[in-house]
$ cat final_35.txt   # compact mmCIF, C-alpha atoms
# COMPACT_ATOMS: atom_id res chain seq x y z
CA MET E 686 182.90 18.93 4.23
CA GLN E 687 185.07 17.98 1.28
CA LYS E 688 186.42 14.44 1.35
CA SER E 689 190.12 14.39 2.28
CA LEU E 690 192.47 12.20 0.30
CA LEU E 691 195.96 10.89 0.94
CA ILE E 692 197.57 10.91 -2.50
CA VAL E 693 200.84 9.07 -2.96
CA VAL E 694 202.83 10.10 -6.03
CA SER E 695 205.84 8.31 -7.50
CA ALA E 696 207.73 8.89 -10.71
CA PRO E 697 211.13 8.08 -12.13
CA SER E 698 213.50 11.01 -12.16
CA GLY E 699 213.02 13.28 -15.17
CA CYS E 700 209.28 12.61 -15.60
CA GLY E 701 208.30 16.14 -14.65
CA LYS E 702 206.76 15.16 -11.32
CA GLY E 703 208.12 18.29 -9.63
CA THR E 704 206.66 20.60 -12.29
CA ILE E 705 203.27 18.88 -12.19
CA LEU E 706 203.09 18.96 -8.38
CA GLY E 707 204.27 22.60 -8.36
CA GLN E 708 201.16 23.51 -10.36
CA ILE E 709 198.83 21.31 -8.33
CA LEU E 710 200.13 22.66 -5.00
CA LYS E 711 199.22 26.24 -5.94
CA ASP E 712 195.76 25.28 -4.77
CA GLU E 713 195.57 25.60 -0.99
CA LYS E 714 193.32 22.59 -0.68
CA TYR E 715 196.46 20.51 -1.09
CA TYR E 716 199.03 19.92 1.62
CA TYR E 717 202.47 18.71 0.64
CA SER E 718 203.96 16.24 3.09
CA VAL E 719 207.59 17.21 3.78
CA SER E 720 209.90 14.31 4.62
CA ALA E 721 212.00 14.26 7.76
CA THR E 722 215.71 13.48 7.44
CA THR E 723 218.84 13.30 9.55
CA ARG E 724 221.10 14.46 6.74
CA ALA E 725 222.46 18.01 6.75
CA PRO E 726 220.71 20.67 4.63
CA ARG E 727 222.38 21.37 1.29
CA GLN E 728 222.95 24.84 -0.06
CA GLY E 729 219.58 26.55 -0.50
CA GLU E 730 217.52 23.89 1.25
CA ILE E 731 215.04 25.28 3.76
CA ASP E 732 213.95 23.40 6.87
CA GLY E 733 210.25 22.58 6.66
CA VAL E 734 210.13 23.21 2.92
CA HIS E 735 212.54 20.74 1.35
CA TYR E 736 212.88 18.52 4.39
CA ARG E 737 212.32 18.61 8.11
CA PHE E 738 215.94 18.43 9.22
CA MET E 739 216.61 16.87 12.62
CA PRO E 740 219.43 15.23 14.54
CA LYS E 741 219.67 11.46 14.55
CA GLU E 742 218.75 11.26 18.26
CA GLN E 743 215.50 13.10 17.64
CA PHE E 744 214.67 10.90 14.64
CA GLU E 745 215.28 7.74 16.66
CA GLN E 746 213.21 9.10 19.52
CA LEU E 747 210.35 9.64 17.04
CA ILE E 748 210.83 6.10 15.70
CA SER E 749 210.46 4.78 19.26
CA GLU E 750 207.28 6.85 19.65
CA ASN E 751 205.85 5.25 16.45
CA ALA E 752 205.58 8.74 14.98
CA PHE E 753 206.45 7.72 11.41
CA LEU E 754 204.08 6.45 8.75
CA GLU E 755 207.16 4.99 7.06
CA TYR E 756 210.90 5.51 7.33
CA ALA E 757 214.04 3.99 5.89
CA PRO E 758 217.77 4.41 6.21
CA TYR E 759 219.57 5.55 3.06
CA CYS E 760 223.30 6.35 2.73
CA ASP E 761 223.88 6.52 6.51
CA HIS E 762 220.89 8.77 7.09
CA TYR E 763 217.25 8.30 7.95
CA TYR E 764 214.41 9.53 5.79
CA GLY E 765 210.81 9.29 6.91
CA THR E 766 207.24 10.55 6.80
CA LEU E 767 205.73 11.83 10.04
CA LYS E 768 202.14 10.86 10.75
CA GLN E 769 200.99 13.90 12.71
CA PRO E 770 201.21 16.63 10.03
CA ILE E 771 199.36 14.36 7.59
CA GLU E 772 196.60 13.60 10.08
CA ASP E 773 196.26 17.30 10.89
CA ALA E 774 195.96 18.31 7.23
CA LEU E 775 193.41 15.56 6.52
CA ALA E 776 191.38 16.64 9.56
CA GLN E 777 191.32 20.16 8.08
CA GLY E 778 189.69 18.71 4.96
CA ARG E 779 192.80 19.09 2.81
CA HIS E 780 194.24 16.58 0.38
CA VAL E 781 197.71 15.41 1.36
CA ILE E 782 200.29 14.78 -1.35
CA LEU E 783 203.06 12.40 -0.44
CA GLU E 784 205.91 12.21 -2.94
CA ILE E 785 207.79 9.00 -2.39
CA GLU E 786 209.76 6.38 -4.29
CA VAL E 787 208.13 3.11 -5.29
CA GLN E 788 209.19 0.94 -2.35
CA GLY E 789 208.07 3.48 0.23
CA ALA E 790 204.80 3.78 -1.68
CA MET E 791 204.26 0.03 -1.46
CA GLN E 792 204.78 0.22 2.33
CA ILE E 793 202.12 2.92 2.55
CA ARG E 794 199.79 0.84 0.37
CA LYS E 795 199.75 -1.74 3.16
CA LEU E 796 199.39 0.76 5.99
CA VAL E 797 196.80 3.07 4.41
CA PRO E 798 194.60 1.07 2.03
CA ASP E 799 192.42 4.16 1.45
CA ALA E 800 195.31 6.16 0.02
CA LYS E 801 195.29 6.80 -3.74
CA PHE E 802 198.42 5.92 -5.69
CA ILE E 803 199.43 7.86 -8.78
CA PHE E 804 202.37 6.90 -10.94
CA ILE E 805 203.74 9.52 -13.32
CA ALA E 806 205.46 7.91 -16.28
CA PRO E 807 207.48 9.18 -19.24
CA PRO E 808 206.01 8.54 -22.71
CA ASP E 809 208.85 6.01 -23.11
CA LEU E 810 212.42 5.53 -21.94
CA GLU E 811 213.89 7.04 -25.11
CA THR E 812 211.97 10.28 -24.53
CA LEU E 813 213.15 10.23 -20.93
CA ARG E 814 216.75 9.90 -22.10
CA GLN E 815 216.31 12.84 -24.48
CA ARG E 816 214.85 14.99 -21.70
CA LEU E 817 217.63 14.18 -19.28
CA THR E 818 220.24 14.83 -22.00
CA ALA E 819 218.58 18.14 -22.93
CA ARG E 820 218.87 19.31 -19.30
CA GLY E 821 222.61 19.11 -19.77
CA THR E 822 223.23 18.81 -16.02
CA GLU E 823 224.32 15.18 -15.91
CA SER E 824 226.98 13.06 -17.57
CA GLU E 825 226.12 10.30 -20.04
CA ASP E 826 226.94 7.73 -17.36
CA VAL E 827 224.61 9.24 -14.81
CA ILE E 828 221.86 9.47 -17.43
CA THR E 829 222.27 5.80 -18.31
CA LYS E 830 221.99 4.87 -14.63
CA ARG E 831 218.89 6.98 -14.30
CA ILE E 832 217.30 5.28 -17.31
CA GLU E 833 218.06 1.89 -15.79
CA GLN E 834 216.58 3.05 -12.51
CA ALA E 835 213.50 4.38 -14.34
CA ALA E 836 213.07 1.01 -16.07
CA ARG E 837 213.11 -0.70 -12.66
CA GLU E 838 210.63 1.76 -11.18
CA LEU E 839 208.28 1.40 -14.15
CA GLN E 840 207.83 -2.24 -13.20
CA TYR E 841 205.92 -1.05 -10.12
CA LYS E 842 203.44 0.92 -12.21
CA GLU E 843 200.84 -1.85 -12.16
CA GLN E 844 200.68 -1.62 -8.36
CA TYR E 845 199.36 1.95 -8.54
CA ASP E 846 195.77 3.10 -8.96
CA TYR E 847 196.42 5.54 -11.79
CA CYS E 848 199.14 6.13 -14.33
CA ILE E 849 199.58 9.58 -15.84
CA VAL E 850 201.89 9.69 -18.83
CA ASN E 851 203.62 13.06 -18.94
CA ASN E 852 203.81 13.65 -22.66
CA ILE E 853 202.39 17.18 -22.81
CA LEU E 854 202.77 18.93 -19.47
CA GLU E 855 199.41 20.77 -19.51
CA ASP E 856 197.60 17.51 -20.28
CA ALA E 857 199.39 15.73 -17.45
CA ILE E 858 198.39 18.47 -14.99
CA ALA E 859 194.78 18.30 -16.24
CA ASP E 860 194.88 14.51 -15.87
CA PHE E 861 196.13 14.84 -12.30
CA ARG E 862 193.25 17.21 -11.50
CA SER E 863 190.75 14.85 -13.16
CA VAL E 864 191.94 11.96 -11.02
CA ILE E 865 191.57 13.97 -7.81
CA ARG E 866 188.17 15.33 -8.84
CA ALA E 867 186.91 11.85 -9.70
CA GLU E 868 188.12 10.59 -6.33
CA GLU E 869 186.24 13.45 -4.65
CA LEU E 870 183.09 12.42 -6.50
CA LYS E 871 183.47 8.76 -5.61
CA ILE E 872 180.79 7.25 -3.42
CA ASN E 873 182.17 5.35 -0.41
CA MET I 1310 194.19 1.61 -28.01
CA GLN I 1311 192.10 3.66 -25.63
CA LYS I 1312 190.41 1.71 -22.84
CA SER I 1313 186.68 1.32 -23.53
CA LEU I 1314 184.21 1.90 -20.75
CA LEU I 1315 180.60 0.99 -20.23
CA ILE I 1316 179.17 3.94 -18.34
CA VAL I 1317 175.76 3.61 -16.74
CA VAL I 1318 174.05 6.88 -15.90
CA SER I 1319 170.96 7.36 -13.77
CA ALA I 1320 169.30 10.47 -12.47
CA PRO I 1321 165.91 11.52 -11.17
CA SER I 1322 163.84 13.46 -13.68
CA GLY I 1323 164.73 17.17 -13.75
CA CYS I 1324 168.38 16.75 -12.73
CA GLY I 1325 169.68 17.92 -16.10
CA LYS I 1326 170.93 14.49 -17.16
CA GLY I 1327 169.82 15.07 -20.76
CA THR I 1328 171.65 18.39 -21.00
CA ILE I 1329 174.84 16.97 -19.48
CA LEU I 1330 174.83 13.91 -21.76
CA GLY I 1331 174.04 16.12 -24.76
CA GLN I 1332 177.33 17.94 -24.17
CA ILE I 1333 179.31 14.79 -23.46
CA LEU I 1334 177.98 13.01 -26.56
CA LYS I 1335 179.30 15.73 -28.86
CA ASP I 1336 182.58 13.87 -28.58
CA GLU I 1337 182.60 10.96 -31.03
CA LYS I 1338 184.51 8.75 -28.65
CA TYR I 1339 181.19 8.21 -26.88
CA TYR I 1340 178.44 5.95 -28.13
CA TYR I 1341 174.95 6.39 -26.77
CA SER I 1342 173.09 3.13 -26.25
CA VAL I 1343 169.56 3.48 -27.64
CA SER I 1344 166.92 1.37 -25.90
CA ALA I 1345 164.66 -1.00 -27.78
CA THR I 1346 160.92 -0.81 -27.17
CA THR I 1347 157.67 -2.30 -28.41
CA ARG I 1348 155.68 0.87 -27.82
CA ALA I 1349 154.70 3.04 -30.79
CA PRO I 1350 156.80 6.09 -31.63
CA ARG I 1351 155.40 9.36 -30.31
CA GLN I 1352 155.25 12.54 -32.38
CA GLY I 1353 158.77 13.55 -33.35
CA GLU I 1354 160.47 10.38 -32.11
CA ILE I 1355 162.96 8.89 -34.57
CA ASP I 1356 163.70 5.17 -34.81
CA GLY I 1357 167.31 4.50 -33.81
CA VAL I 1358 167.69 7.89 -32.14
CA HIS I 1359 165.12 8.00 -29.36
CA TYR I 1360 164.38 4.29 -29.35
CA ARG I 1361 164.73 1.25 -31.56
CA PHE I 1362 161.07 0.63 -32.24
CA MET I 1363 160.09 -2.95 -32.99
CA PRO I 1364 157.01 -5.19 -32.92
CA LYS I 1365 156.38 -7.34 -29.87
CA GLU I 1366 157.10 -10.55 -31.82
CA GLN I 1367 160.55 -9.33 -32.79
CA PHE I 1368 161.30 -8.25 -29.20
CA GLU I 1369 160.26 -11.65 -27.85
CA GLN I 1370 162.31 -13.38 -30.51
CA LEU I 1371 165.35 -11.35 -29.35
CA ILE I 1372 164.59 -12.26 -25.73
CA SER I 1373 164.62 -15.94 -26.71
CA GLU I 1374 167.98 -15.39 -28.44
CA ASN I 1375 169.39 -13.85 -25.22
CA ALA I 1376 170.11 -10.67 -27.17
CA PHE I 1377 169.31 -8.28 -24.32
CA LEU I 1378 171.66 -7.09 -21.60
CA GLU I 1379 168.53 -6.24 -19.61
CA TYR I 1380 164.86 -5.80 -20.42
CA ALA I 1381 161.68 -5.17 -18.49
CA PRO I 1382 157.99 -4.82 -19.21
CA TYR I 1383 156.46 -1.44 -18.39
CA CYS I 1384 152.85 -0.36 -19.06
CA ASP I 1385 152.11 -3.26 -21.43
CA HIS I 1386 155.27 -2.72 -23.44
CA TYR I 1387 158.81 -4.05 -23.35
CA TYR I 1388 161.88 -1.88 -22.95
CA GLY I 1389 165.39 -3.29 -23.21
CA THR I 1390 169.06 -2.83 -23.97
CA LEU I 1391 170.51 -4.88 -26.81
CA LYS I 1392 173.97 -6.37 -26.24
CA GLN I 1393 175.30 -6.33 -29.80
CA PRO I 1394 175.51 -2.57 -30.48
CA ILE I 1395 177.23 -2.09 -27.09
CA GLU I 1396 179.77 -4.82 -27.79
CA ASP I 1397 180.45 -3.39 -31.24
CA ALA I 1398 181.06 0.13 -29.91
CA LEU I 1399 183.34 -1.13 -27.11
CA ALA I 1400 185.30 -3.19 -29.66
CA GLN I 1401 185.82 0.03 -31.64
CA GLY I 1402 187.43 1.59 -28.56
CA ARG I 1403 184.48 3.87 -27.81
CA HIS I 1404 182.92 4.54 -24.43
CA VAL I 1405 179.30 3.42 -24.24
CA ILE I 1406 176.82 5.51 -22.29
CA LEU I 1407 173.78 3.71 -21.05
CA GLU I 1408 171.05 5.89 -19.60
CA ILE I 1409 168.82 3.81 -17.40
CA GLU I 1410 166.68 4.05 -14.30
CA VAL I 1411 168.01 2.81 -10.97
CA GLN I 1412 166.59 -0.70 -10.98
CA GLY I 1413 167.84 -1.46 -14.49
CA ALA I 1414 171.22 -0.07 -13.42
CA MET I 1415 171.34 -2.46 -10.48
CA GLN I 1416 170.65 -5.37 -12.86
CA ILE I 1417 173.57 -4.28 -15.04
CA ARG I 1418 175.75 -3.96 -11.95
CA LYS I 1419 175.41 -7.71 -11.48
CA LEU I 1420 175.88 -8.60 -15.15
CA VAL I 1421 178.77 -6.24 -15.95
CA PRO I 1422 180.87 -5.68 -12.82
CA ASP I 1423 183.38 -3.65 -14.87
CA ALA I 1424 180.82 -1.04 -15.83
CA LYS I 1425 181.07 2.36 -14.15
CA PHE I 1426 177.98 3.76 -12.48
CA ILE I 1427 177.33 7.48 -12.31
CA PHE I 1428 174.43 8.99 -10.44
CA ILE I 1429 173.46 12.57 -11.26
CA ALA I 1430 171.74 14.22 -8.32
CA PRO I 1431 169.99 17.54 -7.74
CA PRO I 1432 171.56 19.85 -5.12
CA ASP I 1433 168.49 19.02 -2.99
CA LEU I 1434 164.84 18.16 -3.48
CA GLU I 1435 163.68 21.74 -2.92
CA THR I 1436 165.91 22.94 -5.79
CA LEU I 1437 164.54 20.11 -7.94
CA ARG I 1438 160.99 21.24 -7.16
CA GLN I 1439 161.86 24.83 -8.12
CA ARG I 1440 163.39 23.66 -11.42
CA LEU I 1441 160.39 21.51 -12.34
CA THR I 1442 158.03 24.37 -11.40
CA ALA I 1443 160.05 26.86 -13.48
CA ARG I 1444 159.68 24.62 -16.55
CA GLY I 1445 155.95 25.28 -16.30
CA THR I 1446 155.14 22.10 -18.26
CA GLU I 1447 153.66 20.05 -15.45
CA SER I 1448 150.89 20.45 -12.92
CA GLU I 1449 151.59 20.79 -9.19
CA ASP I 1450 150.35 17.21 -8.70
CA VAL I 1451 152.72 15.77 -11.29
CA ILE I 1452 155.61 17.73 -9.81
CA THR I 1453 154.87 16.39 -6.34
CA LYS I 1454 154.86 12.84 -7.73
CA ARG I 1455 158.16 13.46 -9.47
CA ILE I 1456 159.70 14.75 -6.25
CA GLU I 1457 158.53 11.65 -4.41
CA GLN I 1458 159.94 9.51 -7.20
CA ALA I 1459 163.26 11.43 -7.03
CA ALA I 1460 163.41 10.85 -3.27
CA ARG I 1461 163.02 7.11 -3.87
CA GLU I 1462 165.67 7.08 -6.59
CA LEU I 1463 168.12 9.04 -4.44
CA GLN I 1464 168.14 6.12 -2.03
CA TYR I 1465 170.02 4.12 -4.66
CA LYS I 1466 172.80 6.70 -4.90
CA GLU I 1467 175.09 4.78 -2.55
CA GLN I 1468 175.08 1.81 -4.94
CA TYR I 1469 176.76 3.88 -7.67
CA ASP I 1470 180.48 4.52 -8.14
CA TYR I 1471 180.23 8.29 -8.50
CA CYS I 1472 177.72 10.98 -7.65
CA ILE I 1473 177.73 14.23 -9.60
CA VAL I 1474 175.59 16.96 -8.08
CA ASN I 1475 174.21 19.15 -10.83
CA ASN I 1476 174.27 22.53 -9.16
CA ILE I 1477 176.08 24.54 -11.84
CA LEU I 1478 175.70 22.87 -15.25
CA GLU I 1479 179.23 23.62 -16.52
CA ASP I 1480 180.72 22.19 -13.33
CA ALA I 1481 178.62 19.05 -13.64
CA ILE I 1482 179.78 18.54 -17.24
CA ALA I 1483 183.41 19.07 -16.18
CA ASP I 1484 182.90 16.60 -13.33
CA PHE I 1485 181.51 14.04 -15.75
CA ARG I 1486 184.56 14.46 -17.98
CA SER I 1487 186.90 14.18 -14.96
CA VAL I 1488 185.31 10.89 -13.93
CA ILE I 1489 185.72 9.42 -17.41
CA ARG I 1490 189.29 10.68 -17.73
CA ALA I 1491 190.23 9.25 -14.34
CA GLU I 1492 188.72 5.90 -15.34
CA GLU I 1493 190.78 6.00 -18.53
CA LEU I 1494 193.92 6.57 -16.45
CA LYS I 1495 193.10 3.79 -14.01
CA ILE I 1496 195.48 0.87 -13.92
CA ASN I 1497 193.74 -2.53 -14.23
$ encode --input "final_35.txt" --output "structure tokens"
Amino acid sequence: MQKSLLIVVSAPSGCGKGTILGQILKDEKYYYSVSATTRAPRQGEIDGVHYRFMPKEQFEQLISENAFLEYAPYCDHYYGTLKQPIEDALAQGRHVILEIEVQGAMQIRKLVPDAKFIFIAPPDLETLRQRLTARGTESEDVITKRIEQAARELQYKEQYDYCIVNNILEDAIADFRSVIRAEELKIN
Amino acid sequence: MQKSLLIVVSAPSGCGKGTILGQILKDEKYYYSVSATTRAPRQGEIDGVHYRFMPKEQFEQLISENAFLEYAPYCDHYYGTLKQPIEDALAQGRHVILEIEVQGAMQIRKLVPDAKFIFIAPPDLETLRQRLTARGTESEDVITKRIEQAARELQYKEQYDYCIVNNILEDAIADFRSVIRAEELKIN
């Protein structure tokens, strides 16, 4: 049977992580780990697709049952990654993709040393600024904060196994596939 | 500048290693390390392409100068890998491919822990036998010996970093490229 991998992916906002993963996840051998949260669904968000929405009591019950690989409170709500769906997908021989910010990723690094950590980076912060500006959905202030946040996140890059620079989208997708294929071919 | 890699490749005879490397080496970013030997050139063999042919005295002089990464005597002749051309190619930012049998590879493993080790394997020994038979260039006896030799070499597979099974040639070439690309994207 194909080797199953737990693949942890982080990227600053605006690096095209969503687009890259959208292409990768078209292949059924990948399973996307959906985070659990106690916050209410926003317009258009679907339970089980964008998040697993659940009441706070249920989330805390699951915490007490040690059901989370990692979890953290954020803005008065919990966010977390349930173990069971990941273990099920791995047992089916699928690769699990876990999209998570840098600090959560570092927690998982300690808990699952076998996991593979991929950082998706912008070519540089100036390009990132241009991309965020071109989107036209955020104010100059918000963009500046995002750039600062990206600069902070980039400092964690060295803690990852691989860094894919998303300069040309097709190349970045090919690079992602190369990394996974190489990991499949790895001995031990 | 691009990260330079020393890539050590081993494969039992008949696994298609030559054909795979022939495709890979079309890209100028790769440098193929040519072995030095004291044996005489055979018909059609070109100095500097198939081997660096040299007299025994010169080889022994180079041994005394510690110029070899590895060397070994075989059938009354020396065979070895010179350090300098490899160091030069790596300094130019090229990837060096070193084709070597399993025991030489294990020597290099100790000397160059950063090198990447790729084993090219047949789908199974029965397929290997069929391929060698289909070539029609060797007697049944020679083929049997080669299969036995392949079985011995396959035992070293676990000591390598990657194993590429050459079932479909195009897939094996793509796998080889994926491994190199992933190593390029590796952090540290």
$ residues_around --input "final_35.txt" --residues "E:Arg862" --least-positions-apart "5" --cutoff "12 Å" --atoms "only C-alpha atoms" --output "MDAnalysis selection string"
(chainID E and resid 692 705:706 708:710 712 715 780 803 849 855:857 867:869) or (chainID I and resid 1483:1484 1486:1488 1490:1491 1494)
$ residues_around --input "final_35.txt" --residues "E:Met739" --least-positions-apart "2" --cutoff "8 Å" --atoms "all atoms listed in the file" --output "MDAnalysis selection string"
chainID E and resid 721:724 737 741 743:744
$ atom_distance --input "final_35.txt" --atom1 "atom CA of E:Ala790" --atom2 "atom CA of E:Ser749"
21.7 Å
$ atom_distance --input "final_35.txt" --atom1 "atom CA of I:Leu1463" --atom2 "atom CA of I:Ala1320"
8.2 Å
$ closest_residue --input "final_35.txt" --among "E:Val787, E:Leu747, E:Ala752, E:Ala806" --to "E:Tyr841" --atoms "only C-alpha atoms"
E:Val787
$ atom_distance --input "final_35.txt" --atom1 "atom CA of I:Val1318" --atom2 "atom CA of I:Ile1395"
14.7 Å
$ residues_around --input "final_35.txt" --residues "E:Ser720" --least-positions-apart "2" --cutoff "12 Å" --atoms "only C-alpha atoms" --output "number ranges by chain"
E: 717-718, 722-724, 732-739, 744, 753-757, 763-768, 770-771, 782-786, 789
$ closest_residue --input "final_35.txt" --among "E:Ala725, E:Leu691, E:Ala800, E:Cys760" --to "E:Arg779" --atoms "all atoms listed in the file"
E:Leu691
$ residues_near_point --input "final_35.txt" --point "(172.3, 21.1, -13.4)" --cutoff "6 Å" --atoms "all atoms listed in the file" --output "PyMOL selection string"
chain I and resi 1324-1325+1475-1478
$ closest_residue --input "final_35.txt" --among "E:Gln815, E:Gln844, E:Gln777, E:Gln788" --to "E:Gln687" --atoms "only C-alpha atoms"
E:Gln777
$ residues_around --input "final_35.txt" --residues "E:Val850" --least-positions-apart "4" --cutoff "6 Å" --atoms "all atoms listed in the file" --output "mmCIF file with C-alpha atoms, keeping the file's coordinate frame"
data_model
loop_
_atom_site.group_PDB
_atom_site.id
_atom_site.type_symbol
_atom_site.label_atom_id
_atom_site.label_comp_id
_atom_site.auth_asym_id
_atom_site.auth_seq_id
_atom_site.Cartn_x
_atom_site.Cartn_y
_atom_site.Cartn_z
ATOM 1 C CA ILE E 805 203.740 9.520 -13.320
ATOM 2 C CA ALA E 806 205.460 7.910 -16.280
ATOM 3 C CA PRO E 807 207.480 9.180 -19.240
ATOM 4 C CA PRO E 808 206.010 8.540 -22.710
#
$ axis_aligned_box --input "final_35.txt" --around "stretch 772-781 of chain E" --padding-each-side "4 Å" --output "lines of an AutoDock Vina configuration file"
center_x = 193.7
center_y = 16.9
center_z = 5.6
size_x = 16.0
size_y = 14.6
size_z = 18.5
$ closest_residue --input "final_35.txt" --among "I:Phe1426, I:Tyr1383, I:Tyr1340, I:Tyr1471" --to "chain E" --atoms "only C-alpha atoms"
I:Tyr1471
$ decode --input "final_35.txt" --residues "stretch 767-791 of chain E" --atoms "N, CA and C atoms" --output "mmCIF file, in the first residue's frame"
data_model
loop_
_atom_site.group_PDB
_atom_site.id
_atom_site.type_symbol
_atom_site.label_atom_id
_atom_site.label_comp_id
_atom_site.auth_asym_id
_atom_site.auth_seq_id
_atom_site.Cartn_x
_atom_site.Cartn_y
_atom_site.Cartn_z
ATOM 1 N N LEU E 767 -9.082 17.765 15.059
ATOM 2 C CA LEU E 767 -9.453 16.476 15.650
ATOM 3 C C LEU E 767 -8.538 15.361 15.142
ATOM 4 N N LYS E 768 -8.185 14.468 16.059
ATOM 5 C CA LYS E 768 -7.288 13.365 15.687
ATOM 6 C C LYS E 768 -7.970 12.322 14.788
ATOM 7 N N GLN E 769 -9.201 11.945 15.175
ATOM 8 C CA GLN E 769 -9.819 10.765 14.569
ATOM 9 C C GLN E 769 -9.922 10.820 13.040
ATOM 10 N N PRO E 770 -10.420 11.915 12.465
ATOM 11 C CA PRO E 770 -10.538 11.925 10.991
ATOM 12 C C PRO E 770 -9.185 11.791 10.300
ATOM 13 N N ILE E 771 -8.138 12.340 10.924
ATOM 14 C CA ILE E 771 -6.793 12.241 10.352
ATOM 15 C C ILE E 771 -6.318 10.798 10.397
ATOM 16 N N GLU E 772 -6.516 10.159 11.559
ATOM 17 C CA GLU E 772 -6.080 8.765 11.689
ATOM 18 C C GLU E 772 -6.833 7.860 10.719
ATOM 19 N N ASP E 773 -8.131 8.134 10.545
ATOM 20 C CA ASP E 773 -8.924 7.333 9.606
ATOM 21 C C ASP E 773 -8.401 7.477 8.177
ATOM 22 N N ALA E 774 -8.135 8.716 7.776
ATOM 23 C CA ALA E 774 -7.677 8.953 6.394
ATOM 24 C C ALA E 774 -6.304 8.312 6.165
ATOM 25 N N LEU E 775 -5.416 8.438 7.152
ATOM 26 C CA LEU E 775 -4.086 7.818 7.020
ATOM 27 C C LEU E 775 -4.209 6.296 6.924
ATOM 28 N N ALA E 776 -5.118 5.733 7.713
ATOM 29 C CA ALA E 776 -5.320 4.272 7.693
ATOM 30 C C ALA E 776 -5.853 3.811 6.339
ATOM 31 N N GLN E 777 -6.543 4.713 5.638
ATOM 32 C CA GLN E 777 -7.045 4.391 4.290
ATOM 33 C C GLN E 777 -5.951 4.550 3.232
ATOM 34 N N GLY E 778 -4.753 4.933 3.649
ATOM 35 C CA GLY E 778 -3.657 5.102 2.698
ATOM 36 C C GLY E 778 -3.651 6.459 2.028
ATOM 37 N N ARG E 779 -4.417 7.406 2.563
ATOM 38 C CA ARG E 779 -4.450 8.742 1.954
ATOM 39 C C ARG E 779 -3.430 9.657 2.628
ATOM 40 N N HIS E 780 -3.059 10.697 1.908
ATOM 41 C CA HIS E 780 -2.211 11.739 2.481
ATOM 42 C C HIS E 780 -3.121 12.798 3.099
ATOM 43 N N VAL E 781 -2.820 13.196 4.316
ATOM 44 C CA VAL E 781 -3.631 14.209 4.991
ATOM 45 C C VAL E 781 -2.951 15.573 4.895
ATOM 46 N N ILE E 782 -3.696 16.561 4.452
ATOM 47 C CA ILE E 782 -3.165 17.926 4.396
ATOM 48 C C ILE E 782 -3.794 18.745 5.505
ATOM 49 N N LEU E 783 -2.928 19.309 6.313
ATOM 50 C CA LEU E 783 -3.340 20.097 7.465
ATOM 51 C C LEU E 783 -2.831 21.517 7.234
ATOM 52 N N GLU E 784 -3.775 22.430 7.067
ATOM 53 C CA GLU E 784 -3.424 23.828 6.802
ATOM 54 C C GLU E 784 -3.499 24.535 8.143
ATOM 55 N N ILE E 785 -2.409 25.110 8.574
ATOM 56 C CA ILE E 785 -2.382 25.641 9.928
ATOM 57 C C ILE E 785 -1.337 26.745 10.030
ATOM 58 N N GLU E 786 -1.578 27.706 10.931
ATOM 59 C CA GLU E 786 -0.598 28.796 11.047
ATOM 60 C C GLU E 786 0.664 28.294 11.773
ATOM 61 N N VAL E 787 1.698 29.117 11.720
ATOM 62 C CA VAL E 787 3.030 28.665 12.117
ATOM 63 C C VAL E 787 3.119 28.115 13.544
ATOM 64 N N GLN E 788 2.423 28.739 14.488
ATOM 65 C CA GLN E 788 2.575 28.273 15.870
ATOM 66 C C GLN E 788 1.898 26.918 16.091
ATOM 67 N N GLY E 789 0.744 26.753 15.465
ATOM 68 C CA GLY E 789 0.084 25.445 15.512
ATOM 69 C C GLY E 789 0.954 24.384 14.859
ATOM 70 N N ALA E 790 1.591 24.769 13.755
ATOM 71 C CA ALA E 790 2.475 23.831 13.047
ATOM 72 C C ALA E 790 3.616 23.381 13.956
ATOM 73 N N MET E 791 4.161 24.324 14.708
ATOM 74 C CA MET E 791 5.291 23.978 15.589
ATOM 75 C C MET E 791 4.833 23.035 16.709
#
